[in-house]
Structures are given as structure tokens and as C-alpha cells.
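Undergrad: So here's data.txt (compact mmCIF, C-alpha atoms).
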# COMPACT_ATOMS: atom_id res chain seq x y z
CA GLY H 2 0.00 0.00 0.00
CA GLU H 3 0.93 3.64 -0.07
CA ASN H 4 3.31 4.87 2.57
CA VAL H 5 5.22 7.97 3.48
CA GLU H 6 8.66 7.78 5.07
CA GLN H 7 9.83 10.73 7.11
CA HIS H 8 13.37 11.48 8.30
CA PRO H 9 14.88 12.22 10.69
CA SER H 10 12.71 11.08 13.58
CA THR H 11 14.41 13.55 15.91
CA LEU H 12 16.37 16.68 15.13
CA SER H 13 18.19 19.07 17.44
CA VAL H 14 19.51 22.37 16.13
CA GLN H 15 20.96 25.48 17.68
CA GLU H 16 18.80 28.56 17.66
CA GLY H 17 19.35 30.48 14.44
CA ASP H 18 20.41 27.41 12.46
CA SER H 19 18.32 25.80 9.72
CA ALA H 20 16.34 22.58 9.98
CA VAL H 21 15.41 20.27 7.13
CA ILE H 22 12.94 17.40 7.26
CA LYS H 23 12.41 15.08 4.32
CA CYS H 24 9.54 12.85 3.29
CA THR H 25 9.48 10.20 0.59
CA TYR H 26 6.24 8.83 -0.79
CA SER H 27 5.34 5.85 -2.91
CA ASP H 28 2.06 6.75 -4.64
CA SER H 29 2.77 8.53 -7.89
CA ALA H 30 -0.83 9.78 -7.95
CA SER H 31 -0.21 11.94 -4.86
CA ASN H 32 -0.61 15.58 -5.73
CA TYR H 33 -1.02 17.48 -2.48
CA PHE H 34 1.68 17.69 0.20
CA PRO H 35 0.96 19.52 3.47
CA TRP H 36 3.14 19.96 6.53
CA TYR H 37 1.72 20.14 10.03
CA LYS H 38 3.19 21.27 13.34
CA GLN H 39 1.93 19.62 16.49
CA GLU H 40 2.70 20.98 19.92
CA LEU H 41 2.37 18.81 22.98
CA GLY H 42 -1.23 17.99 23.82
CA LYS H 43 -2.63 19.88 20.84
CA GLY H 44 -3.97 19.09 17.40
CA PRO H 45 -1.82 19.46 14.28
CA GLN H 46 -1.69 22.88 12.67
CA LEU H 47 -1.09 23.42 8.98
CA ILE H 48 2.07 25.43 8.44
CA ILE H 49 2.67 25.14 4.70
CA ASP H 50 1.56 23.04 1.77
CA ILE H 51 2.43 22.49 -1.86
CA ARG H 52 0.66 21.03 -4.85
CA SER H 53 2.23 18.91 -7.54
CA ASN H 54 2.29 21.62 -10.17
CA VAL H 55 4.74 23.67 -8.10
CA GLY H 56 8.33 22.86 -7.22
CA GLU H 57 8.85 25.21 -4.30
CA LYS H 58 6.84 27.41 -1.96
CA LYS H 59 8.03 29.81 0.69
CA ASP H 60 6.34 31.58 3.58
CA GLN H 61 8.70 33.74 5.62
CA ARG H 62 11.09 31.34 7.43
CA ILE H 63 9.39 28.22 6.15
CA ALA H 64 9.73 26.65 2.71
CA VAL H 65 8.73 23.40 1.08
CA THR H 66 10.35 21.83 -1.97
CA LEU H 67 8.92 19.05 -4.07
CA ASN H 68 10.71 16.64 -6.39
CA LYS H 69 8.00 14.67 -8.16
CA THR H 70 10.41 12.56 -10.15
CA ALA H 71 12.15 11.33 -7.04
CA LYS H 72 8.90 11.35 -5.03
CA HIS H 73 10.16 13.34 -2.14
CA PHE H 74 9.42 16.67 -0.56
CA SER H 75 11.15 18.59 2.19
CA LEU H 76 10.40 21.17 4.84
CA HIS H 77 13.00 23.86 5.41
CA ILE H 78 12.94 26.12 8.46
CA THR H 79 15.51 28.90 8.55
CA GLU H 80 16.61 31.03 11.50
CA THR H 81 15.04 28.57 13.92
CA GLN H 82 13.64 29.81 17.20
CA PRO H 83 12.83 27.92 20.44
CA GLU H 84 9.12 28.22 19.65
CA ASP H 85 9.72 26.14 16.53
CA SER H 86 10.27 23.16 18.83
CA ALA H 87 7.45 20.70 18.17
CA VAL H 88 6.64 17.55 16.22
CA TYR H 89 6.31 18.02 12.49
CA PHE H 90 4.31 15.71 10.25
CA CYS H 91 4.27 15.53 6.49
CA ALA H 92 1.33 14.09 4.61
CA THR H 93 0.25 13.24 1.10
CA SER H 94 -3.13 13.25 -0.54
CA THR H 95 -4.63 12.57 -3.95
CA SER H 96 -7.34 14.44 -5.85
CA GLY H 97 -10.73 12.86 -5.45
CA THR H 98 -10.08 11.71 -1.91
CA TYR H 99 -9.71 13.81 1.19
CA LYS H 100 -7.69 11.11 2.96
CA TYR H 101 -4.17 11.85 4.11
CA ILE H 102 -1.29 9.46 4.49
CA PHE H 103 0.90 10.79 7.26
CA GLY H 104 4.61 10.48 7.77
CA THR H 105 5.91 9.17 11.07
CA GLY H 106 6.78 12.58 12.45
CA THR H 107 9.94 14.49 13.35
CA ARG H 108 10.55 15.82 16.83
CA LEU H 109 12.40 19.11 16.40
CA LYS H 110 14.19 20.66 19.31
CA VAL H 111 15.66 24.13 18.96
CA LEU H 112 18.31 24.77 21.58
CA ALA H 113 18.58 28.31 22.91
CA GLY A 3 -7.43 29.17 8.18
CA ALA A 4 -10.65 27.30 8.85
CA VAL A 5 -11.64 26.46 12.42
CA VAL A 6 -12.49 23.03 13.77
CA SER A 7 -13.69 22.83 17.35
CA GLN A 8 -13.39 19.63 19.37
CA HIS A 9 -14.89 18.95 22.80
CA PRO A 10 -14.14 17.96 25.40
CA SER A 11 -10.39 18.54 25.50
CA ARG A 12 -9.98 16.07 28.30
CA VAL A 13 -12.20 13.40 29.82
CA ILE A 14 -11.66 10.91 32.58
CA CYS A 15 -14.18 8.11 32.92
CA LYS A 16 -14.70 4.82 34.66
CA SER A 17 -14.26 1.54 32.87
CA GLY A 18 -17.51 0.40 31.23
CA THR A 19 -18.95 3.83 30.63
CA SER A 20 -19.39 5.55 27.25
CA VAL A 21 -17.82 8.80 26.23
CA LYS A 22 -18.92 11.14 23.45
CA ILE A 23 -16.54 13.48 21.65
CA GLU A 24 -17.83 16.26 19.40
CA CYS A 25 -16.19 17.75 16.35
CA ARG A 26 -17.57 20.90 14.76
CA SER A 27 -16.55 22.85 11.70
CA LEU A 28 -17.23 26.43 12.79
CA ASP A 29 -16.95 28.45 9.61
CA PHE A 30 -17.47 25.94 6.83
CA GLN A 31 -19.54 22.91 5.99
CA ALA A 32 -17.98 19.47 5.90
CA THR A 33 -19.71 16.49 4.34
CA THR A 34 -16.71 14.44 5.41
CA MET A 35 -14.80 14.47 8.66
CA PHE A 36 -12.05 12.21 9.92
CA TRP A 37 -11.35 10.66 13.29
CA TYR A 38 -7.80 9.81 14.30
CA ARG A 39 -6.20 8.16 17.28
CA GLN A 40 -2.70 9.06 18.37
CA PHE A 41 -0.55 7.05 20.73
CA PRO A 42 2.31 8.75 22.60
CA LYS A 43 5.18 9.75 20.34
CA GLN A 44 3.50 8.25 17.30
CA SER A 45 1.84 9.51 14.16
CA LEU A 46 -1.88 9.94 13.64
CA MET A 47 -3.73 6.74 12.90
CA LEU A 48 -6.90 7.14 10.86
CA MET A 49 -9.78 5.35 12.56
CA ALA A 50 -12.72 6.23 10.35
CA THR A 51 -14.20 8.59 7.82
CA SER A 52 -17.41 10.25 8.94
CA ASN A 53 -19.89 10.90 6.14
CA GLU A 54 -22.78 13.30 6.55
CA GLY A 55 -26.09 11.52 6.13
CA SER A 56 -24.61 8.06 5.70
CA LYS A 57 -22.63 5.42 7.52
CA ALA A 58 -19.07 6.00 8.54
CA THR A 59 -16.28 4.12 6.82
CA TYR A 60 -13.97 2.38 9.26
CA GLU A 61 -10.33 1.50 8.72
CA GLN A 62 -9.23 -2.08 8.98
CA GLY A 63 -8.98 -3.27 12.55
CA VAL A 64 -11.21 -0.55 14.03
CA GLU A 65 -14.32 -1.91 15.75
CA LYS A 66 -17.35 -0.01 14.51
CA ASP A 67 -19.47 -1.13 17.46
CA LYS A 68 -16.82 0.15 19.82
CA PHE A 69 -16.33 3.50 18.16
CA LEU A 70 -19.71 4.81 17.07
CA ILE A 71 -19.68 7.71 14.65
CA ASN A 72 -22.57 9.96 13.82
CA HIS A 73 -22.46 12.80 11.30
CA ALA A 74 -25.92 14.27 11.62
CA SER A 75 -25.25 17.67 10.10
CA LEU A 76 -22.81 19.42 7.79
CA THR A 77 -20.97 20.90 10.76
CA LEU A 78 -21.03 18.21 13.43
CA SER A 79 -19.60 14.72 13.79
CA THR A 80 -19.52 12.77 17.04
CA LEU A 81 -17.39 9.84 18.13
CA THR A 82 -18.73 7.72 20.98
CA VAL A 83 -16.37 5.31 22.66
CA THR A 84 -18.70 2.66 24.03
CA SER A 85 -18.00 0.58 27.13
CA ALA A 86 -14.61 2.19 27.47
CA HIS A 87 -11.70 0.23 28.91
CA PRO A 88 -8.22 1.34 29.95
CA GLU A 89 -6.79 0.25 26.60
CA ASP A 90 -9.03 2.84 24.93
CA SER A 91 -7.13 5.59 26.73
CA SER A 92 -5.55 7.72 24.05
CA PHE A 93 -5.52 11.07 22.27
CA TYR A 94 -8.37 11.34 19.78
CA ILE A 95 -8.30 14.00 17.07
CA CYS A 96 -10.85 14.96 14.44
CA SER A 97 -10.35 16.84 11.21
CA ALA A 98 -12.53 18.35 8.53
CA PRO A 99 -11.42 19.10 4.99
CA LEU A 100 -12.24 22.08 2.89
CA ARG A 101 -13.32 21.39 -0.68
CA SER A 102 -9.72 22.11 -1.67
CA GLY A 103 -8.71 19.01 0.26
CA ILE A 104 -6.89 20.85 3.03
CA GLN A 105 -7.66 19.27 6.39
CA TYR A 106 -8.05 21.34 9.53
CA PHE A 107 -7.73 19.60 12.86
CA GLY A 108 -9.44 19.91 16.17
CA ALA A 109 -7.40 20.44 19.33
CA GLY A 110 -7.77 16.80 20.33
CA THR A 111 -9.37 14.96 23.25
CA ARG A 112 -7.31 13.21 25.88
CA LEU A 113 -9.32 10.20 27.09
CA SER A 114 -8.28 8.47 30.28
CA VAL A 115 -10.23 5.37 31.31
CA LEU A 116 -9.77 4.30 34.91
As C-alpha cells, please, write out the structure in this file.
TA:
Amino acid sequence: GENVEQHPSTLSVQEGDSAVIKCTYSDSASNYFPWYKQELGKGPQLIIDIRSNVGEKKDQRIAVTLNKTAKHFSLHITETQPEDSAVYFCATSTSGTYKYIFGTGTRLKVLA
Amino acid sequence: GAVVSQHPSRVICKSGTSVKIECRSLDFQATTMFWYRQFPKQSLMLMATSNEGSKATYEQGVEKDKFLINHASLTLSTLTVTSAHPEDSSFYICSAPLRSGIQYFGAGTRLSVL
């Protein structure tokens, strides 16, 4: 079946450094790729997303890149801050279905 | 972004009792909603798809008689954990998608069964 691999599972960076999280998917029909941030005891919050007709999208310190040929997409956070510490999940979806397939999550810790 | 409200945020109940969790889309209509379960330090596990006006679709291995889902209106879905036992203790999260396919999540419900 379809699956999404996410790496690394944990990531520690110094404040101000960049963080990169990568997801690889198997279903070539996937065409929507969101990233969610989940803080402890809360629901996931959408932070950025990208569709298959775009290769890169940026929103202030956050960017997402998509390589459809290689079937992977990455989250880039620049100038990290302690409040960026959380668990980040990638997901994939396909037109015609609202279902997501989630990655396994990355626990990001930004050290002050 | 769109707002999904989930209540209660936390519930503690005795073994054998039933617990109802509500999920509301506050500023949009959702013919479909999703219910997830999340174990500590793990990803979200899809339990079922709630369909307005029809039966829910359950994922493999999820007991439909244990986890009753009702989607009576375009803005409300409920999950009832029937005859709860300690192994049902978990974090339950709902989501509702916009027509674009973007899912917005509730804040989650921490269920503790004593």
C-alpha cells in the first residue's frame, strides 16, 4: 500500500540554524503535500503546503520543496527559534479523496 | 485558516462507561470528517471517515461497534467510545477538509479510562 517515510525522527539544532525534514512517498498519484506542526497535547496545525504543479513554496522562514520525479518533498525552516520546537508531520493526498497518508513525524528541538 | 472545534479537551471516565466526543466545523460545511487516534510519540492513525447523512467508513482493525460515529449535520460529527476500557485511553483528534482538500484539525481529546 501507499506509505510515506519521514526522516529524521528527531532533530536538534541550535537557535538560528536551519532545519530540514524530508519525506518520501510511494504513490505517484499523490498531488497534495501539506506539513503540520503539532505541539504537545494539541492538534496538528497546517504550516505550509504544496501542490504537484509547483516545485517550491516559501512563507517567511518556512519553505517546502517538491521533487515529483524522485517522489520526495522537504520542509526547510531557517533562522530557527525555540518556539519552533514541536513535532512536524508531512502528509500526502490525492485528488478525489480527502484522505491523508501521514509520515511518522519528526521531533524538532531548537536549543537556545 | 478554517476552524475546527473539538470537545471535550480532556475526559476521565470509569471503565464500562461511554464517552462522546464532538467535532464541529465552525466556519465551513464538511460532508466528510475524519477521526484519528494518536498514541504517545507516534503519528496519527486514521480510525474512520465520517460521512454526513450516511454510515461511517472504518479503517481495517477498528471496531465499529466500539467507536460509534454519527455525522448528523454538515458541521457536526460525534465519536462515541462505548464501554470504554483502559486500553481505549488515548488522544483522539478529528479533522474536517475544505473542498480544496486541506484538512483542519481539532485540538484533540485526551481520554483516560480508569
Undergrad: Find the residues of chain A in contact range of chain H, meaning any atom within 12 Å when counting all atoms listed in the file, and list them as number ranges by chain.
TA: A: 3-8, 11-12, 32-53, 59, 61, 92-113
Undergrad: Can you tell me, as a list in words, what residues are no more than 8 Å from Arg62 (chain H) when counting only C-alpha atoms, ignoring any on the same chain fewer than 2 positions away?
TA: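 What passes the distance filter is Lys59, Asp60, Ala64, His77, Ile78, Thr79 and Glu80 of chain H.
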Undergrad: How would the residues just chosen look if you wrote them out with C-alpha atoms as a short mmCIF file (atom, residue, chain, number, x, y, z; two decimals), in the coordinates of the input?
TA:
data_model
loop_
_atom_site.label_atom_id
_atom_site.label_comp_id
_atom_site.auth_asym_id
_atom_site.auth_seq_id
_atom_site.Cartn_x
_atom_site.Cartn_y
_atom_site.Cartn_z
CA LYS H 59 8.03 29.81 0.69
CA ASP H 60 6.34 31.58 3.58
CA ALA H 64 9.73 26.65 2.71
CA HIS H 77 13.00 23.86 5.41
CA ILE H 78 12.94 26.12 8.46
CA THR H 79 15.51 28.90 8.55
CA GLU H 80 16.61 31.03 11.50
#
Undergrad: Record the distance separating CA of Lys38 (chain H) and CA of Ile63 (chain H), expressed in Å with one decimal.
TA: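 Distance between the two atoms: 11.8 Å.
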Undergrad: Could you work out how far CA of Val115 (chain A) lies from CA of His87 (chain A), giving the answer in Å with one decimal?
TA: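 For CA of His87 (chain A) relative to CA of Val115 (chain A), the distance reads 5.9 Å.
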Undergrad: Take CA of Leu81 (chain A) and CA of Thr93 (chain H) and report the distance between them in Å, one decimal.
TA: 24.8 Å
Undergrad: Name the residues within 12 Å of (-20.9, -1.7, 25.6), counting all atoms listed in the file in the file's coordinates, and put them as a short mmCIF file (atom, residue, chain, number, x, y, z; two decimals) with C-alpha atoms, in the frame of the given file.
TA:
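Written file, part.cif:
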data_model
loop_
_atom_site.label_atom_id
_atom_site.label_comp_id
_atom_site.auth_asym_id
_atom_site.auth_seq_id
_atom_site.Cartn_x
_atom_site.Cartn_y
_atom_site.Cartn_z
CA SER A 17 -14.26 1.54 32.87
CA GLY A 18 -17.51 0.40 31.23
CA THR A 19 -18.95 3.83 30.63
CA SER A 20 -19.39 5.55 27.25
CA VAL A 21 -17.82 8.80 26.23
CA GLU A 65 -14.32 -1.91 15.75
CA LYS A 66 -17.35 -0.01 14.51
CA ASP A 67 -19.47 -1.13 17.46
CA LYS A 68 -16.82 0.15 19.82
CA PHE A 69 -16.33 3.50 18.16
CA LEU A 70 -19.71 4.81 17.07
CA THR A 82 -18.73 7.72 20.98
CA VAL A 83 -16.37 5.31 22.66
CA THR A 84 -18.70 2.66 24.03
CA SER A 85 -18.00 0.58 27.13
CA ALA A 86 -14.61 2.19 27.47
CA HIS A 87 -11.70 0.23 28.91
#
Undergrad: Neighbourhood query: residues within 10 Å of (21.8, 26.8, 12.6), file coordinates, counting only C-alpha atoms; return as JSON, numbers by chain.
TA: {"H": [13, 14, 15, 16, 17, 18, 19, 20, 78, 79, 80, 81, 82, 111, 112]}
Undergrad: Name the closest residue to Asn4 (chain H) among the candidates H:Val65, H:Cys24, H:Ile48, H:Leu109; distances are taken between atoms, counting all atoms listed in the file.
TA: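 Among H:Val65, H:Cys24, H:Ile48, H:Leu109, it is H:Cys24 that comes nearest to Asn4 (chain H).
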Undergrad: Taking into account all atoms listed in the file, which residue in the set A:Asp90, A:Leu116, A:Glu54, A:Thr80 is nearest to Pro10 (chain A)?
TA: A:Thr80
Undergrad: Which of these, H:Gln61, H:Ser86, H:Ser10, H:Asn54, has the shortest distance to Lys23 (chain H) once you count only C-alpha atoms?
TA: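 Answer, going by the shortest atom-to-atom distance: H:Ser10.
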Undergrad: Find the spatial neighbours of Ser114 (chain A), counting all atoms listed in the file, within a cut-off of 8 Å - ignore same-chain residues fewer than 6 positions away - and output them as a CSV table (one decimal) with C-alpha atoms, in the frame of the given file.
TA:
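Ended up saving to result_33.csv:
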chain,number,residue,atom,x,y,z
A,13,VAL,CA,-12.2,13.4,29.8
A,14,ILE,CA,-11.7,10.9,32.6
A,15,CYS,CA,-14.2,8.1,32.9
A,88,PRO,CA,-8.2,1.3,30.0
A,90,ASP,CA,-9.0,2.8,24.9
A,91,SER,CA,-7.1,5.6,26.7
A,92,SER,CA,-5.6,7.7,24.0
